[in-house]
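Note sheet for the following structure.
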Amino acid sequence: MDATTDIETAPAPAPAAPTPLPPQPTTVGKLPHHPASAGTARRITSTVLDGWHMDEETIDQALLVVSELVTNALEHALPPVALHLRRPGNDGALRIEVGDGGPADHEGTWTTSCAPDEHGRGVSIIALLASAHGTRIRAHAVTHWAVLPAAA
């Protein structure tokens, strides 16, 4: 008698859905400690977020937050100034960080040239737009951060 063996093979598993990448920081690097750096930071942010396919409202809000954080670093802190963006992860949150060299001994030229009621609203604006914001202080470095809800 011929004996045959049937081998049942399981179908090949379907390819797994791509695992979402964890949020990766994008470090823009050090920006010059110059008033034009706020505009540079906005342009870079716009390009990065557009590349991440962020919606227009999130990009607009992020540009305002970046502008405020970078301007504050330029007006109130020592160099270096660095911008970090973190792609939204599973929580859908965009994290923006601006690092600086800590408090300056004197205010910047814009702050000293204008009336007190013409400045000082940046933190309030960030608080309205961000789901969370704060400051991380280390020796010779300060990082101001904000988290924005984001839709991709």
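By convention here, the chains of the structure tokens are called A, B, ... in the order presented, each chain's residues are numbered starting at 1, and ligands are numbered starting at 1 in the order presented.
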
| Do you know which residues are at most 7 Å from A:Leu94 counting only C-alpha atoms, after dropping those on the same chain fewer than 6 positions away, and could you put them as a list of chain:residue names? |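 These residues fall inside the cut-off: A:Arg86, A:Arg87, A:Pro88, A:Val147, A:Leu148, A:Pro149, A:Ala150.
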
| task | Pick out the residues sitting within 12 Å of A:Ala127, and hand them over as a count of residues only; count only C-alpha atoms, and ignore anything fewer than 5 positions along from it in its own chain. | result | 14

| message | as a list in words, please: the residues near A:Ile44 (cut-off 12 Å, only C-alpha atoms, same-chain neighbours under 2 positions excluded). | response | Thr26, Thr27, Val28, Gly29, Leu31, Ser37, Ala38, Gly39, Thr40, Ala41, Arg42, Ser46, Thr47, Val48, Leu49, Asp50, Gly51, Ile59, Ala62, Leu63, Val66, Ser67, Ala82, Leu83, His84 and Leu85 of chain A

| task | Select, from A:Ala36, A:Thr58, A:Ala141, A:His53, the residue with the minimum atom-to-atom distance to A:Ala93, counting only C-alpha atoms. | result |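 Using only C-alpha atoms, A:Ala93 sits closest to A:Thr58.
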
| said: At a cut-off of 10 Å, using only C-alpha atoms, what residues contact A:Thr135? Leave out same-chain residues fewer than 3 positions from it and give the result as a PyMOL selection string. | reply: chain A and resi 97-99+138+142-146

| field | Long-range neighbours of A:Asp105 as a ChimeraX atom specification, 10 Å cut-off, only C-alpha atoms, 6 positions minimum in chain | value | /A:76-78

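Between atom CA of A:Val81 and atom CA of A:His33 the interatomic distance comes to 6.6 Å.
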
| query | For A:Asp55, which of A:Gly92, A:Pro35, A:Pro79, A:Pro103 is the closest residue, counting only C-alpha atoms? | reply | A:Gly92

I need the residues of stretch 60-136 of chain A that end up classed as helix (DSSP H, G or I) by DSSP on the backbone, written out as a tab-separated table (two decimals) with C-alpha atoms, in the first residue's frame.
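Dumped to selection_32.tsv:
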```tsv
chain	number	residue	atom	x	y	z
A	60	ASP	CA	-0.94	78.17	11.05
A	61	GLN	CA	-1.08	77.57	14.79
A	62	ALA	CA	2.40	76.04	14.82
A	63	LEU	CA	3.80	79.04	12.94
A	64	LEU	CA	2.38	81.39	15.55
A	65	VAL	CA	3.80	79.32	18.42
A	66	VAL	CA	7.22	79.02	16.75
A	67	SER	CA	7.25	82.75	16.11
A	68	GLU	CA	6.47	83.53	19.74
A	69	LEU	CA	8.99	81.05	21.18
A	70	VAL	CA	11.83	82.07	18.87
A	71	THR	CA	11.14	85.78	19.34
A	72	ASN	CA	11.16	85.31	23.12
A	73	ALA	CA	14.49	83.48	22.91
A	74	LEU	CA	15.95	86.27	20.78
A	75	GLU	CA	14.65	89.05	23.02
A	76	HIS	CA	15.19	87.56	26.48
A	109	THR	CA	16.45	95.74	21.14
A	110	TRP	CA	12.81	95.24	20.18
A	111	THR	CA	11.64	94.87	23.78
A	112	THR	CA	13.52	97.94	24.95
A	113	SER	CA	12.34	100.05	22.01
A	116	PRO	CA	5.22	97.85	27.67
A	117	ASP	CA	1.72	97.22	26.27
A	118	GLU	CA	3.21	96.30	22.86
A	122	GLY	CA	3.28	85.54	23.74
A	123	VAL	CA	2.77	83.11	26.61
A	124	SER	CA	-0.97	83.86	26.65
A	125	ILE	CA	-1.20	83.16	22.92
A	126	ILE	CA	0.69	79.89	23.34
A	127	ALA	CA	-1.55	78.90	26.25
A	128	LEU	CA	-4.64	79.41	24.07
A	129	LEU	CA	-3.31	77.28	21.21
```

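When only C-alpha atoms are used to measure the gap to A:Gly101, the shortest distance among A:Ser131, A:Gly89, A:Ala139, A:Glu57 belongs to A:Ala139.
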